[in-house]
Amino acid sequence: IIMEAFMGYSMRKNKTYNKKKIVIVFFLCVLMLLGLMGRLVYLMVFRSDYYSEKADELHERERDIKAARGKILDANGTVLAANRTVCTISVIHSQIEEPEAVISMLAKELEMDEETVRKRVEKLSSIERIRTNVDKETGDRIRSYGYAGVKVDEDFKRYYPYDELASKVLGFTGSDNQGIIGLEVKYEEVLTGSDGKILTTTDARGIELDGIGESRVEPVPGYDLKISLDANIQEYCQQAAEKAMEEKQADGVSILLMNPQNGEIYACVNVPEFDLNDPFTLNDGTDTSVLSEEELQDKRNQMWRNACINDTYEPGSTFKIITMSAGLEAGVVTPEDTFSCPGYKIVEDRRIHCHKRTGHGAETFVQGAQNSCNPVFIEVGLRLGVEAFCDYFCQFGLMDKTGIDLPGEASPIMHKEENIGQVELATMSFGQSFQITPIQLATTVSSLVNGGTRVTPHFGVEVLDEDGNVVEKLQYESRKGVVSQETSQTVREILESVVSEGSGKNAYIEGYEIGGKTATSQTLPRSANRYISSFLGFAPAGDPVVLGICIINNPQGVYYGGTICAPVMRDIFSNVLPYLGIEKREMPEEDA
């Protein structure tokens, strides 16, 4: 037809018959037809699956089926974080047959404003969510009405059976079931499963087609996480912390218990804790109506902070364990060395006092440790010198984070080596003028009393499938040779004498060898007269399997660590040691 039209036009116009042009046009037309045929073959044969899938998508409604989040289990298999079945209520506008009845029913059952429900029901969208996290009983009632276009899909909401227990360790999830703080966010990839889908076939108007039904892609649940924390030990430590906080009218109390041999954490308490099942409600009774949204969120962030991990403090005399270890390892001091304490030590132009202003007089190094004598440890620090002292800081791992498996670990706040003079060196030797986290102190001391191995503190132990089979055993770095076995043994012996004969005597338990060190440090500014009291202890002293630290922040009245913190740790050890299977040793009658 094209050729004839062209020929006719050509002949009429030019009165000549141009065969060459006709042939060219003919071949062009043939090529166009072949191209069209090839494109049709390509689309119908090679791309048929793709376009078939596209066609199906136009006629399918898709709804997610949430995957169950993996559980968090304690060392004994007790469930600390689980899931509760809840429902998501949605509507499909094109399928609703009785809009007024649907609006009235949803407003009643969901206890929502009718106008809000109406806007969502009447919205022209493929599927509109009305409310999430609806309890299953309400969801079942809504389903029983049988209204077309109303969808009730089961979902999961995180549930914590023990409410406040280990709240700042476990953390919690948001409305989308994703971790926000704590282990929930650290192990997000382990705990999160893969969502499934419900596919419903509809006609061009969006009406479900009878007889075809729904197809499902089943969700895959997340893995379970087994941790080293023991719910029984955690609960006892939390009770002890709450009691100490109430008695001393303190701002907060932190207790950390770990295995110094492998870094497993048995308990981590930071009171006041908060309710994991209601994590956005403040735990201090603050009237939130007078707070701006920013102020409210700041208070929540503060409430969620794990002081053992996220906050630094001046450790005070518990840090003398580090100075002691460095001095013994470097050979600048021996247990038998003698010192004289007049109640102070003059360093350059400064008079730095001992806590006993009248002085301890002549004493050996061991007695200096038992008395927690500042001048003795200042002398050890000065003997070491700035360069060696800083080298031991690095060797012991104090300049780095511990690598604990919780988010937000704070870094140490230390002087730069070039800024450390004799006065700074003196104050650092007894734990002032710098800051570290409680977990850093506990981890470092662990390496000094376990024979010289720097461990990584951690909670995660194993990843399990839903049948309880081990998918992965979690591994953590360790570093040997922090100090020699001989130095470690000497440190343990000296610290055992601190409890049996010295300032830590309030932590003594008959039948157990306990090592430890007390501390009382003053917060900045010094003029505020606010103190942090603490005690760090471990047992059995000869071969420690548990190391604990108790910190009381701003106690009222008596604030000495040996007086108020050592008894707390004594009570904890007296319950935890038998629980861990550590028996009391029989004492000879004359020793008793």
# chains A, B, ... in the order shown; residues from 1 in each chain; ligands from 1

$ residues_around --residues "Ser104 (chain A)" --least-positions-apart "2" --cutoff "10 Å" --atoms "only C-alpha atoms" --output "PyMOL selection string"
chain A and resi 99-102+106-109+112-115+117-118

$ write_last_selection --atoms "C-alpha atoms" --output "PDB file, in the first residue's frame"
ATOM      1  CA  PRO A  99     -18.165   2.486  55.127  1.00  0.00           C
ATOM      2  CA  GLU A 100     -20.271   4.020  57.903  1.00  0.00           C
ATOM      3  CA  ALA A 101     -20.564   0.728  59.756  1.00  0.00           C
ATOM      4  CA  VAL A 102     -16.799   0.139  59.399  1.00  0.00           C
ATOM      5  CA  LEU A 106     -13.260   0.745  64.319  1.00  0.00           C
ATOM      6  CA  ALA A 107     -13.739   3.929  66.359  1.00  0.00           C
ATOM      7  CA  LYS A 108     -15.486   1.916  69.070  1.00  0.00           C
ATOM      8  CA  GLU A 109     -13.151  -1.092  69.216  1.00  0.00           C
ATOM      9  CA  MET A 112     -10.177   6.280  68.508  1.00  0.00           C
ATOM     10  CA  ASP A 113     -11.740   9.560  67.485  1.00  0.00           C
ATOM     11  CA  GLU A 114     -14.356   8.859  64.777  1.00  0.00           C
ATOM     12  CA  GLU A 115     -13.144  11.718  62.594  1.00  0.00           C
ATOM     13  CA  VAL A 117     -10.884   6.881  61.595  1.00  0.00           C
ATOM     14  CA  ARG A 118     -13.085   8.394  58.867  1.00  0.00           C
TER      15      ARG A 118
END

$ select_by_dssp --residues "region 152-388 of chain A" --states "strand (DSSP E or B)" --output "MDAnalysis selection string"
chainID A and resid 152:159 173 179 194 196:202 208 214:217 220 224:227 252:258 264:271 313 338:341 344:347 350:353 361:364

$ write_last_selection --atoms "C-alpha atoms" --output "mmCIF file, in the first residue's frame"
data_model
loop_
_atom_site.group_PDB
_atom_site.id
_atom_site.type_symbol
_atom_site.label_atom_id
_atom_site.label_comp_id
_atom_site.auth_asym_id
_atom_site.auth_seq_id
_atom_site.Cartn_x
_atom_site.Cartn_y
_atom_site.Cartn_z
ATOM 1 C CA VAL A 152 -6.501 -7.841 60.737
ATOM 2 C CA ASP A 153 -2.890 -9.040 60.480
ATOM 3 C CA GLU A 154 -1.045 -10.595 63.392
ATOM 4 C CA ASP A 155 2.208 -8.938 64.391
ATOM 5 C CA PHE A 156 4.700 -9.124 67.256
ATOM 6 C CA LYS A 157 5.541 -6.727 70.050
ATOM 7 C CA ARG A 158 8.585 -7.071 72.302
ATOM 8 C CA TYR A 159 7.808 -8.164 75.829
ATOM 9 C CA THR A 173 12.727 -1.930 70.647
ATOM 10 C CA GLY A 179 16.429 -2.244 68.671
ATOM 11 C CA SER A 194 12.820 -11.906 57.559
ATOM 12 C CA GLY A 196 6.757 -12.688 55.144
ATOM 13 C CA LYS A 197 3.930 -11.468 52.847
ATOM 14 C CA ILE A 198 0.226 -12.071 52.171
ATOM 15 C CA LEU A 199 -0.712 -11.676 48.481
ATOM 16 C CA THR A 200 -4.395 -11.185 47.530
ATOM 17 C CA THR A 201 -5.561 -11.224 43.865
ATOM 18 C CA THR A 202 -8.025 -8.477 42.823
ATOM 19 C CA GLU A 208 -10.815 -9.511 45.704
ATOM 20 C CA GLU A 214 -4.537 -15.632 49.292
ATOM 21 C CA SER A 215 -0.956 -16.752 48.776
ATOM 22 C CA ARG A 216 1.603 -16.450 51.555
ATOM 23 C CA VAL A 217 5.357 -16.070 51.842
ATOM 24 C CA VAL A 220 11.541 -16.470 59.017
ATOM 25 C CA ASP A 224 17.917 -16.321 69.768
ATOM 26 C CA LEU A 225 20.783 -14.756 71.743
ATOM 27 C CA LYS A 226 22.129 -16.482 74.847
ATOM 28 C CA ILE A 227 24.032 -14.158 77.165
ATOM 29 C CA GLY A 252 22.604 6.362 91.743
ATOM 30 C CA VAL A 253 24.285 3.031 92.431
ATOM 31 C CA SER A 254 26.127 0.831 89.923
ATOM 32 C CA ILE A 255 27.213 -2.773 90.482
ATOM 33 C CA LEU A 256 29.142 -4.841 87.961
ATOM 34 C CA LEU A 257 30.051 -8.530 88.363
ATOM 35 C CA MET A 258 32.187 -10.397 85.839
ATOM 36 C CA GLU A 264 31.764 -12.928 80.835
ATOM 37 C CA ILE A 265 29.533 -10.490 82.731
ATOM 38 C CA TYR A 266 27.254 -12.017 85.368
ATOM 39 C CA ALA A 267 25.423 -8.828 86.350
ATOM 40 C CA CYS A 268 25.344 -5.147 85.417
ATOM 41 C CA VAL A 269 23.100 -2.964 87.573
ATOM 42 C CA ASN A 270 22.487 0.774 87.307
ATOM 43 C CA VAL A 271 19.742 1.984 89.629
ATOM 44 C CA TYR A 313 34.513 9.028 86.573
ATOM 45 C CA THR A 338 59.544 1.008 103.623
ATOM 46 C CA PHE A 339 57.996 4.477 103.445
ATOM 47 C CA SER A 340 57.196 7.309 105.807
ATOM 48 C CA CYS A 341 53.856 9.115 105.769
ATOM 49 C CA TYR A 344 51.134 14.626 103.139
ATOM 50 C CA LYS A 345 53.760 14.676 100.400
ATOM 51 C CA ILE A 346 55.210 17.821 98.843
ATOM 52 C CA VAL A 347 55.517 17.622 95.055
ATOM 53 C CA ARG A 350 52.083 21.455 96.106
ATOM 54 C CA ARG A 351 51.301 19.773 99.408
ATOM 55 C CA ILE A 352 49.207 16.693 98.562
ATOM 56 C CA HIS A 353 47.467 15.250 101.607
ATOM 57 C CA GLY A 361 54.211 7.070 110.030
ATOM 58 C CA ALA A 362 56.659 4.343 108.976
ATOM 59 C CA GLU A 363 55.071 1.570 106.907
ATOM 60 C CA THR A 364 55.958 -1.055 104.321
#

$ closest_residue --among "A:Glu273, A:Glu477, A:Glu583, A:Glu294" --to "Thr402 (chain A)" --atoms "only C-alpha atoms"
A:Glu477

$ closest_atom_pairs --of "region 97-176 of chain A" --to "region 403-411 of chain A" --cutoff "10 Å" --atoms "only C-alpha atoms" --output "Markdown table"
| residue | atom | partner | partner_atom | distance |
| --- | --- | --- | --- | --- |
| A:Lys168 | CA | A:Leu406 | CA | 9.8 |
| A:Val169 | CA | A:Leu406 | CA | 7.6 |
| A:Leu170 | CA | A:Leu406 | CA | 9.3 |
| A:Gly171 | CA | A:Leu406 | CA | 9.7 |

$ write_last_selection --atoms "all heavy atoms" --output "compact mmCIF listing (two decimals), in the first residue's frame"
# COMPACT_ATOMS: atom_id res chain seq x y z
N LYS A 168 19.08 -1.51 81.39
CA LYS A 168 20.08 -0.75 80.64
C LYS A 168 21.08 -1.64 79.93
O LYS A 168 21.94 -1.15 79.19
CB LYS A 168 20.77 0.23 81.59
CG LYS A 168 19.78 1.23 82.18
CD LYS A 168 20.38 2.19 83.17
CE LYS A 168 19.31 3.09 83.78
NZ LYS A 168 19.85 4.08 84.72
N VAL A 169 20.95 -2.94 80.15
CA VAL A 169 21.76 -3.92 79.41
C VAL A 169 20.95 -4.46 78.23
O VAL A 169 21.41 -4.45 77.08
CB VAL A 169 22.21 -5.08 80.31
CG1 VAL A 169 22.89 -6.17 79.49
CG2 VAL A 169 23.14 -4.58 81.40
N LEU A 170 19.74 -4.94 78.50
CA LEU A 170 18.92 -5.53 77.46
C LEU A 170 18.52 -4.50 76.42
O LEU A 170 18.56 -4.75 75.22
CB LEU A 170 17.66 -6.16 78.06
CG LEU A 170 17.89 -7.31 79.05
CD1 LEU A 170 16.56 -7.78 79.62
CD2 LEU A 170 18.60 -8.48 78.37
N GLY A 171 18.11 -3.30 76.86
CA GLY A 171 17.59 -2.31 75.94
C GLY A 171 16.17 -2.67 75.53
O GLY A 171 15.56 -3.59 76.08

$ select_by_dssp --residues "region 239-437 of chain A" --states "helix (DSSP H, G or I)" --output "MDAnalysis selection string"
chainID A and resid 239:248 288:290 293:304 307:310 316:330 365:370 374:396 417:419 422:429

$ residues_around --residues "Asp74 (chain A)" --least-positions-apart "5" --cutoff "7 Å" --atoms "only C-alpha atoms" --output "PyMOL selection string"
chain A and resi 79-80+226-231

$ closest_residue --among "A:Glu418, A:Asp311, A:Asp251, A:Glu513" --to "Val498 (chain A)" --atoms "only C-alpha atoms"
A:Glu513

$ residues_around --residues "Arg492 (chain A)" --least-positions-apart "4" --cutoff "12 Å" --atoms "only C-alpha atoms" --output "PyMOL selection string"
chain A and resi 321+324-325+366+369+445-452+485-488+496-499+513-517+537-544

$ write_last_selection --atoms "N, CA, C and O atoms" --output "compact mmCIF listing (two decimals), in the first residue's frame"
# COMPACT_ATOMS: atom_id res chain seq x y z
N ILE A 321 45.55 -0.03 92.41
CA ILE A 321 45.88 -1.39 91.95
C ILE A 321 46.72 -1.31 90.69
O ILE A 321 47.67 -2.09 90.51
N MET A 324 50.20 0.06 91.65
CA MET A 324 50.89 -1.04 92.34
C MET A 324 51.45 -2.04 91.33
O MET A 324 52.63 -2.43 91.40
N SER A 325 50.63 -2.44 90.37
CA SER A 325 51.05 -3.43 89.39
C SER A 325 52.19 -2.91 88.52
O SER A 325 53.14 -3.63 88.23
N VAL A 366 53.24 -2.94 101.55
CA VAL A 366 52.01 -3.70 101.79
C VAL A 366 51.12 -2.95 102.77
O VAL A 366 49.90 -2.83 102.58
N ALA A 369 49.42 -0.10 101.15
CA ALA A 369 48.24 -0.53 100.38
C ALA A 369 47.07 -0.79 101.33
O ALA A 369 45.93 -0.40 101.05
N VAL A 445 41.73 -4.41 85.92
CA VAL A 445 42.10 -5.12 87.14
C VAL A 445 41.98 -6.64 86.93
O VAL A 445 42.77 -7.41 87.46
N SER A 446 41.02 -7.06 86.13
CA SER A 446 40.89 -8.49 85.82
C SER A 446 42.18 -9.03 85.24
O SER A 446 42.64 -10.12 85.62
N SER A 447 42.78 -8.28 84.33
CA SER A 447 44.02 -8.74 83.70
C SER A 447 45.18 -8.76 84.69
O SER A 447 46.13 -9.55 84.55
N LEU A 448 45.11 -7.92 85.71
CA LEU A 448 46.20 -7.84 86.69
C LEU A 448 46.10 -8.92 87.76
O LEU A 448 47.10 -9.21 88.42
N VAL A 449 44.91 -9.52 87.93
CA VAL A 449 44.75 -10.56 88.96
C VAL A 449 44.52 -11.95 88.37
O VAL A 449 44.49 -12.93 89.11
N ASN A 450 44.37 -12.04 87.04
CA ASN A 450 44.12 -13.36 86.45
C ASN A 450 45.37 -14.01 85.86
O ASN A 450 45.29 -15.03 85.18
N GLY A 451 46.52 -13.40 86.13
CA GLY A 451 47.76 -13.95 85.59
C GLY A 451 48.33 -13.15 84.45
O GLY A 451 49.39 -13.50 83.90
N GLY A 452 47.65 -12.07 84.04
CA GLY A 452 48.22 -11.19 83.02
C GLY A 452 47.56 -11.26 81.66
O GLY A 452 48.17 -10.85 80.67
N GLN A 485 53.23 -13.48 85.60
CA GLN A 485 52.51 -14.31 86.57
C GLN A 485 52.93 -13.94 88.00
O GLN A 485 52.10 -13.91 88.92
N GLU A 486 54.21 -13.65 88.17
CA GLU A 486 54.73 -13.33 89.51
C GLU A 486 54.12 -12.03 90.02
O GLU A 486 53.70 -11.94 91.19
N THR A 487 54.08 -11.01 89.15
CA THR A 487 53.48 -9.73 89.56
C THR A 487 52.01 -9.91 89.89
O THR A 487 51.51 -9.38 90.90
N SER A 488 51.31 -10.67 89.07
CA SER A 488 49.88 -10.91 89.29
C SER A 488 49.65 -11.59 90.63
O SER A 488 48.74 -11.22 91.38
N GLU A 496 44.48 -9.19 98.95
CA GLU A 496 43.82 -10.06 99.93
C GLU A 496 44.09 -9.54 101.34
O GLU A 496 43.19 -9.55 102.20
N SER A 497 45.30 -9.04 101.58
CA SER A 497 45.63 -8.50 102.90
C SER A 497 44.90 -7.19 103.17
O SER A 497 44.63 -6.84 104.33
N VAL A 498 44.55 -6.44 102.10
CA VAL A 498 43.78 -5.21 102.27
C VAL A 498 42.42 -5.53 102.88
O VAL A 498 41.90 -4.78 103.72
N VAL A 499 41.81 -6.65 102.46
CA VAL A 499 40.51 -7.06 102.98
C VAL A 499 40.64 -7.74 104.33
O VAL A 499 39.85 -7.49 105.26
N GLU A 513 38.69 -16.31 100.78
CA GLU A 513 39.79 -15.38 100.57
C GLU A 513 39.33 -14.35 99.55
O GLU A 513 39.10 -14.67 98.38
N ILE A 514 39.18 -13.13 100.00
CA ILE A 514 38.68 -12.05 99.14
C ILE A 514 39.74 -10.96 99.04
O ILE A 514 40.31 -10.54 100.05
N GLY A 515 40.01 -10.55 97.83
CA GLY A 515 40.92 -9.42 97.60
C GLY A 515 40.12 -8.21 97.18
O GLY A 515 39.04 -8.33 96.61
N GLY A 516 40.65 -7.03 97.47
CA GLY A 516 39.90 -5.85 97.06
C GLY A 516 40.56 -4.55 97.45
O GLY A 516 41.61 -4.52 98.09
N LYS A 517 39.92 -3.46 97.02
CA LYS A 517 40.44 -2.12 97.30
C LYS A 517 39.28 -1.14 97.38
O LYS A 517 38.35 -1.18 96.58
N GLY A 537 36.34 -5.71 94.38
CA GLY A 537 36.79 -6.94 95.04
C GLY A 537 36.73 -8.13 94.11
O GLY A 537 36.05 -8.11 93.08
N PHE A 538 37.44 -9.19 94.49
CA PHE A 538 37.44 -10.42 93.69
C PHE A 538 37.62 -11.61 94.61
O PHE A 538 38.15 -11.49 95.73
N ALA A 539 37.16 -12.77 94.15
CA ALA A 539 37.26 -13.99 94.97
C ALA A 539 37.19 -15.22 94.06
O ALA A 539 36.63 -15.15 92.96
N PRO A 540 37.77 -16.34 94.51
CA PRO A 540 38.74 -16.45 95.61
C PRO A 540 40.03 -15.72 95.23
O PRO A 540 40.40 -15.69 94.06
N ALA A 541 40.70 -15.16 96.20
CA ALA A 541 41.87 -14.32 95.91
C ALA A 541 42.97 -15.08 95.21
O ALA A 541 43.68 -14.52 94.37
N GLY A 542 43.11 -16.38 95.51
CA GLY A 542 44.19 -17.15 94.89
C GLY A 542 43.95 -17.44 93.42
O GLY A 542 44.90 -17.50 92.63
N ASP A 543 42.70 -17.61 93.02
CA ASP A 543 42.35 -17.93 91.63
C ASP A 543 40.96 -17.37 91.35
O ASP A 543 39.97 -18.09 91.39
N PRO A 544 40.85 -16.07 91.06
CA PRO A 544 39.54 -15.40 91.01
C PRO A 544 38.64 -15.94 89.90
O PRO A 544 39.08 -16.15 88.77

$ closest_residue --among "A:Thr437, A:Ser90, A:Gln249, A:Thr323" --to "Val491 (chain A)" --atoms "only C-alpha atoms"
A:Thr323

$ atom_distance --atom1 "CA of Ser429 (chain A)" --atom2 "CA of Val380 (chain A)"
7.7 Å

$ atom_distance --atom1 "CA of Met245 (chain A)" --atom2 "CA of Pro555 (chain A)"
7.9 Å

$ residues_around --residues "Tyr223 (chain A)" --least-positions-apart "3" --cutoff "6 Å" --atoms "only C-alpha atoms" --output "ChimeraX atom specification"
/A:70,190-191,464-465

$ write_last_selection --atoms "N, CA and C atoms" --output "PDB file, in the first residue's frame"
ATOM      1  N   GLY A  70      14.060 -12.720  67.582  1.00  0.00           N
ATOM      2  CA  GLY A  70      14.693 -13.734  68.416  1.00  0.00           C
ATOM      3  C   GLY A  70      14.637 -13.374  69.886  1.00  0.00           C
ATOM      4  N   VAL A 190      21.336 -10.291  64.445  1.00  0.00           N
ATOM      5  CA  VAL A 190      21.097 -11.655  64.934  1.00  0.00           C
ATOM      6  C   VAL A 190      19.623 -11.851  65.260  1.00  0.00           C
ATOM      7  N   LEU A 191      19.026 -10.892  65.929  1.00  0.00           N
ATOM      8  CA  LEU A 191      17.672 -11.038  66.457  1.00  0.00           C
ATOM      9  C   LEU A 191      16.580 -10.813  65.420  1.00  0.00           C
ATOM     10  N   LEU A 464      21.495 -19.013  68.871  1.00  0.00           N
ATOM     11  CA  LEU A 464      20.739 -20.261  68.790  1.00  0.00           C
ATOM     12  C   LEU A 464      19.610 -20.132  67.774  1.00  0.00           C
ATOM     13  N   ASP A 465      19.220 -21.267  67.148  1.00  0.00           N
ATOM     14  CA  ASP A 465      18.033 -21.245  66.308  1.00  0.00           C
ATOM     15  C   ASP A 465      16.804 -21.487  67.175  1.00  0.00           C
TER      16      ASP A 465
END

$ residues_around --residues "Ser372 (chain A)" --least-positions-apart "6" --cutoff "8 Å" --atoms "only C-alpha atoms" --output "PyMOL selection string"
chain A and resi 317+503+518

$ write_last_selection --atoms "all heavy atoms" --output "PDB file, in the first residue's frame"
ATOM      1  N   SER A 317      41.043   5.652  94.788  1.00  0.00           N
ATOM      2  CA  SER A 317      42.048   4.704  95.292  1.00  0.00           C
ATOM      3  C   SER A 317      41.960   3.303  94.711  1.00  0.00           C
ATOM      4  O   SER A 317      42.906   2.520  94.849  1.00  0.00           O
ATOM      5  CB  SER A 317      41.955   4.622  96.820  1.00  0.00           C
ATOM      6  OG  SER A 317      42.354   5.850  97.397  1.00  0.00           O
ATOM      7  N   SER A 503      41.974  -1.570 104.978  1.00  0.00           N
ATOM      8  CA  SER A 503      40.817  -0.691 104.819  1.00  0.00           C
ATOM      9  C   SER A 503      39.606  -1.383 104.203  1.00  0.00           C
ATOM     10  O   SER A 503      38.499  -0.859 104.271  1.00  0.00           O
ATOM     11  CB  SER A 503      41.202   0.521 103.947  1.00  0.00           C
ATOM     12  OG  SER A 503      41.662   0.083 102.675  1.00  0.00           O
ATOM     13  N   THR A 518      39.341  -0.278  98.392  1.00  0.00           N
ATOM     14  CA  THR A 518      38.315   0.746  98.582  1.00  0.00           C
ATOM     15  C   THR A 518      38.716   2.035  97.865  1.00  0.00           C
ATOM     16  O   THR A 518      39.877   2.217  97.501  1.00  0.00           O
ATOM     17  CB  THR A 518      38.133   1.054 100.073  1.00  0.00           C
ATOM     18  OG1 THR A 518      39.380   1.566 100.587  1.00  0.00           O
ATOM     19  CG2 THR A 518      37.753  -0.197 100.843  1.00  0.00           C
TER      20      THR A 518
END
